[in-house]
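Here the structure is laid out as structure tokens; the discussion comes afterwards.
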Amino acid sequence: MAKYTEMAYDDAEEMVFGEAKEPVTYGHGPQITAGGGQVFGVTKIAPRPGAEARPEKLKTEFRKITKTILQRAVTLGFPTQEIENEWVHQMGENPVEYAQEPAIAQQAAIAEEFADEYGIATATTHTIPDLRVSEKGLRHGQDRESYYPEKVIGSFEIAAENGADVLKIESSGGMELADYGIQRGDIKAFLFGIGYLGSIDMEWLWSQIVDIAQKNNVIPGGDTNCPAANTAMFIAGGYLDQDIARTFSAITRAICAGRTIVAWEQGATGPDKDCGYEGPIVKAIAGKPTVMEGKDCSVAHADLMGNLAAQVCDGWSNESAEFHEEFSGWSSGTWAEAVGYEVSLMNTAKELGEDKTLRDIYMASDRYRSPESYIIAYDNAYKIGEAMVEEGDSYYRRSKAAAIKAAELIEDAQEQGKLQLSAHEKDTLEKVVTDLRALPEDEDKFVEECLNEYGDLPKFNPKNYGL
Amino acid sequence: MAKYTEMAYDDAEEMVFGEAKEPVTYGHGPQITAGGGQVFGVTKIAPRPGAEARPEKLKTEFRKITKTILQRAVTLGFPTQEIENEWVHQMGENPVEYAQEPAIAQQAAIAEEFADEYGIATATTHTIPDLRVSEKGLRHGQDRESYYPEKVIGSFEIAAENGADVLKIESSGGMELADYGIQRGDIKAFLFGIGYLGSIDMEWLWSQIVDIAQKNNVIPGGDTNCPAANTAMFIAGGYLDQDIARTFSAITRAICAGRTIVAWEQGATGPDKDCGYEGPIVKAIAGKPTVMEGKDCSVAHADLMGNLAAQVCDGWSNESAEFHEEFSGWSSGTWAEAVGYEVSLMNTAKELGEDKTLRDIYMASDRYRSPESYIIAYDNAYKIGEAMVEEGDSYYRRSKAAAIKAAELIEDAQEQGKLQLSAHEKDTLEKVVTDLRALPEDEDKFVEECLNEYGDLPKFNPKNYGL
Amino acid sequence: MLDISGISYDNIFNRYDIVAEKEVTPEELFEEMAPKEEPWRTITQKLVFLEEVTDEVEEALNEYDPEDVINKGLIPGMDINGELYARGIYYLPQLIIAGDAMGKGIELCEEAMREAGQERKAKGKVLMHVAEGDPHDIGKDIAAAMLKAQGYEVIDMGRDVPVEDVVDAVKKENPDVLTGTALMTTTQTAFPRVAKRLQEEGLDVAFIGAGGAVNQSFVHSFPMGIFADEAADGPSICEAVKEGKTWEEIREEYDEIVPSAA
Amino acid sequence: MLDISGISYDNIFNRYDIVAEKEVTPEELFEEMAPKEEPWRTITQKLVFLEEVTDEVEEALNEYDPEDVINKGLIPGMDINGELYARGIYYLPQLIIAGDAMGKGIELCEEAMREAGQERKAKGKVLMHVAEGDPHDIGKDIAAAMLKAQGYEVIDMGRDVPVEDVVDAVKKENPDVLTGTALMTTTQTAFPRVAKRLQEEGLDVAFIGAGGAVNQSFVHSFPMGIFADEAADGPSICEAVKEGKTWEEIREEYDEIVPSAA
Ligand SMILES: [Zn+2]
Ligand SMILES: [Zn+2]
Ligand SMILES: [Zn+2]
């Protein structure tokens, strides 16, 4: 499949929340059109530990989660309500018993009921867990112990056949190299793991997901580099955390955009996944809708771009909250409400012709809060996208270009006194830039070097990537 | 003390978040200046049931609550962090053992530590529970069983003497009539209970609180009609609730503004309390700062003005969340973050000269979502304030004027096709207007009628109000 | 202020309640459900249209047994009101006002029974209180009105009721159901203490825990506790008790029994 | 884009970390803390400045006991790194890289001990695993590095480790501390099963539960569980165990023992 060699937008200034070049429609009732002119809300609630003990228990839990989300949305008048489900482990292990009826079909039925009764646009998204483990094997036929690759693809089929509107995943190809790199501040390892190997794995994975989706007339949404770039972001944390420099995590974010966009190159349509903070970069390139999260995912994790993350989002999400009781009822209602009101704010801005104003207030709030936020500010995300499409025909070179561009943007902003960096952030960035500039131009050469350097890592097996 | 007979603002258009005519400064480090140009964040977290079993347990709980709030604020770079504490029942019963050291002094010390170490502006607010029960007696010397009036005032002294920066309360004078009125759709009873009796009680209460605050050089903030107008709002609920018409609750909101503002007439300075949705009305009249809550209080209760509530706020709050673990850590951090980012959005808008734009987007999002929201939209809140100050010398007449004005605003908007009302909302409003218009002009006559009509209610004792 | 006149509000919120507005009127439901015979029809009519019934009840008591006046006149009236409420035609005030009127009628009937040396056989007996230390009773009052409307005898202990008083009252009154309301998480701690003392006294009764801060996981953590999220859950739970279900069984079948359960 | 050039960012956020930036350098701390004698000083120096120590260790093993090489050269080096990390001068990568180098040194020493028929007396033995079904192990890897840096012997069972394998390993290795990491709430359910099986086998060991979705109330709900919010909590908990505290006592004194506790 062709890789992106052009930008969908002529100018970063074109980009805004609620609009994408290629809107996607799905769901029940009036349906949701991602990127079609309004922002929509996504609520994601995790069943309590123990609910997965038996299918009937899980079914009850999902019924409660689904109904309480939709009840809060209806009682407050929200026009849209998408429910996303990140499958718990047991569902991925045993999708027929634990996912098919308890989660997928039941939720679709309830979503349809509410759409029927009230006229609210609803949709259900299923995010299949990537159970695959590199030591066992990432491709069909390699894992003769747990059959994880087969299970993952099988789960997509079950989701698509039983009522899911949208299919997503947080795929983990290349994670073994990414983890190694994050722990050691080794950007080359991260680039190899995510920029290169991860992209290859994305090809393998998403070509199949797109097939399944098309066969069943459901939406292949997108992916996120949660297992790697988010890991770096979470460990980097906030101003009180001193484990990883946020300049390092910023570069990992830039690198992972090249991996995330492979889903769309394989035919997925968006919307991509909420925790993909690289969303603005890939949206700038491909013009497809992106779901984002920020201040309303504070229940799941803190981030330094709580407002900025909304700037060009098409969907807004709470990321994940455990289903438990709060003062106002269930946590599901709490987060459906918080998210829904933010969505309302954005849609009101659109009606008033002030969406770009609000976009810029969102962006400016966090532009300089962290280098991670800085490079995701839509103007910078666009520039990173441009650097990527210029090298669009090589996974390696475009990820490297993204990394170098991000580093340059950070350095320039720091030199101009706009973006403050701590001493450690500066030192780390210098080392990253040095490492990046020492890399070869040629992809094959890079791969060869990496196989030499990292080939002995216990969890890394080139066969997983067809190498 | 004089009542307000003039508006602090010439025009509703002057009003915006982060600015008040009479800013108030308090707290640690750089201090917080409510209404002084930026919005500040308020986080309120309730100790878990059982924490109050012993003072040491409560002290540990408060230490954790306080530190986790401040840690999240510091790690995300928030310039301000106010912590409010709605005292649990046991603290009000036994403030020396359960509040003085465990909550007040310890929290003040930690707030000072963080301000010292990081330079963050911190403050602690203590909201004393109104333990008083009408059957026992609301004034000193009347309750010979539980001494609640004495305890309440005593708690203020203890808070003021041990490190509280701001004193607040959710006082319940007149609640017995309000409850009666809410249950029966009897607006006259509500007007009597809250507009008249409640205001008298506010005089009694707040003259003392202001004294205590001044003696100890702390801030007497303000009150809220939580026990009555909020009760009406909660029971009225959202579109799926069919217990009380939201036109009725809207009128109770207008009525309660007259009661809430008595605190300021007695010398309190603001900021008033977060759950006082009547804040924009009283701010329009008095120009003092107001704390508000909306979409980020979804954890405590739903409301139909999640965005609009922010329009002219000086502080923004999460209302209350139980201290328990979420995926990202403790709920305290979750809500400090959500609130802090909203505050950042507002302050960024100010920096960009777009605060009034954001104000209007907030307002427009919910202006027509419910009649309750409609009358709190700042332009309407202002008009209600104007109607009140015209009758400024009579508690009864100004509350009635507020009610009638609110009713007219709703009727007009509905007639112009802007504000949709259900059949029941219309019918209820009509009855309310009929009841209001049947009321006498003269305050004494009104009081006489009410004493006749409601004098036999079991919980009502005129002695509680000096009648 | 920005010019908000051009806003298409459909993109911001939808009035799902107006869209879903019901059709039936009190008149229609009255015709459909009211008894045909007098004096029951008129008594029912008064209640449904929110008028006083004292005169009609007094008159009826001249001819009929008080038990019949309650069961054939007053309760059918409130049944219709309950149906109107369930369908969102009547709201709380209508129930409360009609309940007030019904209550006066019940009083007259009970007085007549006492004079005749009889005792009213209500649908069931519910003992209600607000937790020790808690002054908020509007929730209890609303629930009490709904239960009385359904024909239950309600003994209302009021608010801020000490734990021991509750235990004593359970002993004395032997209710079918005990209810406790608490608006504050820190007063709800009275409930497990009530449950413990009841157990110590060898008593066992379905104990509905309700109120603002109370939640299911708390209420179902002590013996006898049954969570009620909304006032309208009370009648359904009491119904289940009348059907002979234990509190353990009600917890088991919670989602099927309690209307507010998701 | 709006003109953002005039924004006064002090009103929006404050870089509290830059304001609070520490002063001490690795050089200064090395001077302050490093052993004065050779070859320990040079070995320490290599570790502190993130270089390989293999050559120096090989040489030292010609003259000195392997136990001394570890305790007088390698561990002091990592102690300084630990202090630099605690003060926010060194971050995780520095610890990990130095830990890698130290690890190679430890291997050489352990090899020498095996050849001499000895066994290493590490500070303690920690058995680590990632919960059954969970593929996320970066948390465990980081914690393992910190523990090794402190001189613990770490037996790393890897990820997705079946419950029975953990039990068997505890039996076989008799560790001072067992750790389990889980990133997903649904794999953390393996931990109570591990604890139960350990109890059934008559085993009792402090069982650190850590990882993204794991929380204190969960970990402290099964026997032996001690919650660790951050990797850096591990060493403090293991220290407490080495001091002779039981897991019950550690839970009692949790806030005093565990650095991340608020
Ligand atoms: Zn994710
Ligand atoms: Zn929660
Ligand atoms: Zn309140």
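Quick note on naming: the chains in the structure tokens go A, B, ... in the order shown, residues restart at 1 in each chain, and ligands are numbered from 1 in order of appearance.
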
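Omitting Ile45 of chain B and its sequence neighbours fewer than 6 positions away, and counting only C-alpha atoms, the residues within 9 Å are Ile65, Thr66, Ile69, Ile83, Glu84, Asn85, Glu86, Asn318, Glu319, Ser320, Ala321, Glu322, Phe323, Ser331, Ser332 and Trp335 of chain B.
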
Quick one: residues within 7 Å of Gln38 of chain A, only C-alpha atoms, excluding same-chain residues fewer than 6 positions away - as a PDB file with N, CA and C atoms, in the first residue's frame?
```pdb
ATOM      1  N   GLY A  18     -13.410  18.940  15.234  1.00  0.00           N
ATOM      2  CA  GLY A  18     -14.715  18.651  14.661  1.00  0.00           C
ATOM      3  C   GLY A  18     -14.734  18.491  13.157  1.00  0.00           C
ATOM      4  N   GLU A  19     -13.632  18.800  12.497  1.00  0.00           N
ATOM      5  CA  GLU A  19     -13.623  18.695  11.032  1.00  0.00           C
ATOM      6  C   GLU A  19     -12.410  17.934  10.558  1.00  0.00           C
ATOM      7  N   ASN A 347     -18.568  22.367  20.214  1.00  0.00           N
ATOM      8  CA  ASN A 347     -19.605  22.512  19.194  1.00  0.00           C
ATOM      9  C   ASN A 347     -20.287  23.863  19.259  1.00  0.00           C
TER      10      ASN A 347
END
```

Problem set entry | helix (DSSP H, G or I) per DSSP on the backbone: members of segment 4-166 of chain C, as an MDAnalysis selection string | chainID C and resid 9:11 16:19 26:33 40:48 54:63 66:86 92:115 138:149 163:166

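Distance annotation: of A:Ile104, A:Val299, A:Ala403, A:Ala73, the residue with the minimal separation from ligand 2 is A:Val299; atom set is only C-alpha atoms and all ligand atoms.
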
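Considering only C-alpha atoms and all ligand atoms, every residue of the polymer chains approaching ligand 3 to 8 Å or closer is listed here: Glu170, Thr224, Asn225, Cys226, Pro227, Asn230, Lys273, Asp274, Cys275, Gly276 and Glu319 of chain B.
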
Just N, CA, C and O atoms for this one: save the residues we selected as a PDB file, in the first residue's frame.
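Listing of out_29.pdb after writing:
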```
ATOM      1  N   GLU B 170     -22.831  26.281  54.473  1.00  0.00           N
ATOM      2  CA  GLU B 170     -24.033  26.079  53.662  1.00  0.00           C
ATOM      3  C   GLU B 170     -25.184  26.132  54.650  1.00  0.00           C
ATOM      4  O   GLU B 170     -25.613  25.106  55.165  1.00  0.00           O
ATOM      5  N   THR B 224     -24.264  29.560  50.440  1.00  0.00           N
ATOM      6  CA  THR B 224     -24.898  28.993  49.260  1.00  0.00           C
ATOM      7  C   THR B 224     -26.229  28.440  49.701  1.00  0.00           C
ATOM      8  O   THR B 224     -26.355  27.978  50.836  1.00  0.00           O
ATOM      9  N   ASN B 225     -27.220  28.456  48.861  1.00  0.00           N
ATOM     10  CA  ASN B 225     -28.488  27.877  49.284  1.00  0.00           C
ATOM     11  C   ASN B 225     -28.569  26.400  48.922  1.00  0.00           C
ATOM     12  O   ASN B 225     -29.567  25.927  48.371  1.00  0.00           O
ATOM     13  N   CYS B 226     -27.488  25.688  49.239  1.00  0.00           N
ATOM     14  CA  CYS B 226     -27.440  24.263  48.915  1.00  0.00           C
ATOM     15  C   CYS B 226     -28.625  23.487  49.488  1.00  0.00           C
ATOM     16  O   CYS B 226     -29.227  22.696  48.768  1.00  0.00           O
ATOM     17  N   PRO B 227     -28.945  23.707  50.789  1.00  0.00           N
ATOM     18  CA  PRO B 227     -30.013  22.884  51.362  1.00  0.00           C
ATOM     19  C   PRO B 227     -31.380  23.091  50.715  1.00  0.00           C
ATOM     20  O   PRO B 227     -32.272  22.276  50.893  1.00  0.00           O
ATOM     21  N   ASN B 230     -30.501  24.023  45.806  1.00  0.00           N
ATOM     22  CA  ASN B 230     -29.812  22.889  45.199  1.00  0.00           C
ATOM     23  C   ASN B 230     -30.630  21.617  45.338  1.00  0.00           C
ATOM     24  O   ASN B 230     -30.645  20.779  44.439  1.00  0.00           O
ATOM     25  N   LYS B 273     -19.615  30.398  47.938  1.00  0.00           N
ATOM     26  CA  LYS B 273     -19.398  28.974  47.814  1.00  0.00           C
ATOM     27  C   LYS B 273     -19.683  28.397  46.434  1.00  0.00           C
ATOM     28  O   LYS B 273     -20.576  28.842  45.727  1.00  0.00           O
ATOM     29  N   ASP B 274     -18.941  27.351  46.149  1.00  0.00           N
ATOM     30  CA  ASP B 274     -18.965  26.792  44.797  1.00  0.00           C
ATOM     31  C   ASP B 274     -20.335  26.307  44.350  1.00  0.00           C
ATOM     32  O   ASP B 274     -20.713  26.475  43.186  1.00  0.00           O
ATOM     33  N   CYS B 275     -21.080  25.708  45.269  1.00  0.00           N
ATOM     34  CA  CYS B 275     -22.355  25.146  44.833  1.00  0.00           C
ATOM     35  C   CYS B 275     -23.470  26.184  44.859  1.00  0.00           C
ATOM     36  O   CYS B 275     -24.639  25.836  44.704  1.00  0.00           O
ATOM     37  N   GLY B 276     -23.109  27.433  45.050  1.00  0.00           N
ATOM     38  CA  GLY B 276     -24.104  28.497  44.931  1.00  0.00           C
ATOM     39  C   GLY B 276     -24.239  28.875  43.469  1.00  0.00           C
ATOM     40  O   GLY B 276     -23.544  29.781  42.985  1.00  0.00           O
ATOM     41  N   GLU B 319     -16.580  20.547  43.387  1.00  0.00           N
ATOM     42  CA  GLU B 319     -17.661  20.302  44.346  1.00  0.00           C
ATOM     43  C   GLU B 319     -17.305  19.294  45.432  1.00  0.00           C
ATOM     44  O   GLU B 319     -17.295  19.624  46.593  1.00  0.00           O
TER      45      GLU B 319
END
```

Could you list the protein, DNA and RNA residues that have any atom within 7 Å of ligand 2, counting only C-alpha atoms and all ligand atoms, and write them as a compact mmCIF listing (two decimals) with N, CA, C and O atoms, in the first residue's frame?
```txt
# COMPACT_ATOMS: atom_id res chain seq x y z
N HIS A 324 -17.27 2.33 39.15
CA HIS A 324 -17.60 2.24 40.57
C HIS A 324 -18.45 3.44 40.94
O HIS A 324 -18.65 4.36 40.15
N GLU A 325 -18.96 3.40 42.16
CA GLU A 325 -19.90 4.43 42.57
C GLU A 325 -19.19 5.70 43.00
O GLU A 325 -18.19 5.67 43.71
N GLU A 326 -19.70 6.81 42.54
CA GLU A 326 -19.27 8.13 43.00
C GLU A 326 -20.47 8.75 43.70
O GLU A 326 -21.53 8.14 43.78
N SER A 331 -19.43 6.06 38.05
CA SER A 331 -18.36 6.82 37.41
C SER A 331 -18.61 6.97 35.92
O SER A 331 -18.16 7.92 35.29
N HIS B 324 -10.63 8.28 47.04
CA HIS B 324 -10.37 6.88 46.80
C HIS B 324 -9.47 6.75 45.59
O HIS B 324 -9.19 7.72 44.89
N GLU B 325 -9.00 5.53 45.36
CA GLU B 325 -8.02 5.33 44.30
C GLU B 325 -8.70 5.24 42.94
O GLU B 325 -9.73 4.60 42.76
N GLU B 326 -8.11 5.94 41.99
CA GLU B 326 -8.50 5.81 40.59
C GLU B 326 -7.30 5.21 39.86
O GLU B 326 -6.27 4.93 40.47
N SER B 331 -8.25 10.10 43.76
CA SER B 331 -9.26 10.96 43.14
C SER B 331 -8.95 12.44 43.35
O SER B 331 -9.34 13.29 42.55
```

Exercise. Please, which residues of chain A lie no more than 10 Å from chain C when the count uses only C-alpha atoms, and can they be set out as an MDAnalysis selection string?
Worked result: chainID A and resid 37:39 60:68 71 73:80 117:120 324:330 340:341 343:354

Exercise. Counting only C-alpha atoms and all ligand atoms, which of D:Gly124, D:Leu183, D:Met78, D:Glu248 gets nearest to ligand 1?
Worked result: D:Leu183

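Note that DSSP on the backbone gives strand (DSSP E or B) to these residues of segment 163-395 of chain B: B:Val166, B:Leu167, B:Lys168, B:Ile169, B:Ile219, B:Pro220, B:Gly221, B:Gly222, B:Asp272, B:Thr290, B:Val291, B:Met292, B:Glu293, B:Gly315, B:Trp316, B:Ser317, B:Ala321, B:Glu322, B:Glu325, B:Glu326, B:Gly329, B:Trp330.
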
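Atom CA of Leu304 of chain B is found 13.4 Å from atom CA of Ala336 of chain A.
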
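Of the residues listed (A:Val291, A:Leu421, A:Leu358, A:Ala377), A:Val291 shows the shortest atom-to-atom separation from ligand 1; distances use only C-alpha atoms and all ligand atoms.
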
Problem set entry | Distance in Å - atom CA of Ser399 of chain A versus atom CA of Gly385 of chain A | 10.0 Å

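Each of D:Lys171, D:Met184, D:Leu84, D:Ile43 was checked against ligand 1 using only C-alpha atoms and all ligand atoms; the smallest atom-to-atom distance is that of D:Met184.
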
Exercise. If we count only C-alpha atoms, what is near Ala257 of chain B at a cut-off of 8 Å, once residues fewer than 4 positions away on the same chain are taken out, given as a PyMOL selection string?
Worked result: chain B and resi 253+261+278-279+281-282+399

For this session: Write out as a PyMOL selection string which residues come within 10 Å of Val96 of chain A when counting only C-alpha atoms, dropping same-chain ones fewer than 2 positions away.
Result: chain A and resi 55+91-94+98-102+154-155+158-159

Print the selection's residues with C-alpha atoms to a file, as a compact mmCIF listing (two decimals), in the first residue's frame.
```txt
# COMPACT_ATOMS: atom_id res chain seq x y z
CA PRO A 55 -19.57 -14.39 31.42
CA MET A 91 -12.26 -11.24 26.66
CA GLY A 92 -9.30 -11.44 24.32
CA GLU A 93 -8.42 -14.92 25.55
CA ASN A 94 -11.94 -16.19 25.12
CA TYR A 98 -16.59 -13.33 27.30
CA ALA A 99 -17.01 -10.76 24.56
CA GLN A 100 -19.48 -11.79 21.93
CA GLU A 101 -22.71 -11.69 23.87
CA PRO A 102 -21.73 -10.09 27.18
CA GLY A 154 -10.21 -13.85 15.61
CA SER A 155 -11.36 -11.29 18.14
CA ILE A 158 -16.06 -11.66 16.42
CA ALA A 159 -16.35 -7.96 17.16
```

Exercise. For chain B, which residue among A:Val24, A:Ala381, A:Ala53, A:Ala310 is the nearest when counting only C-alpha atoms?
Worked result: A:Ala310

For this session: State, in Å with one decimal place, the distance from atom CA of Asp233 of chain C to atom CA of Asn81 of chain C.
Result: 16.2 Å
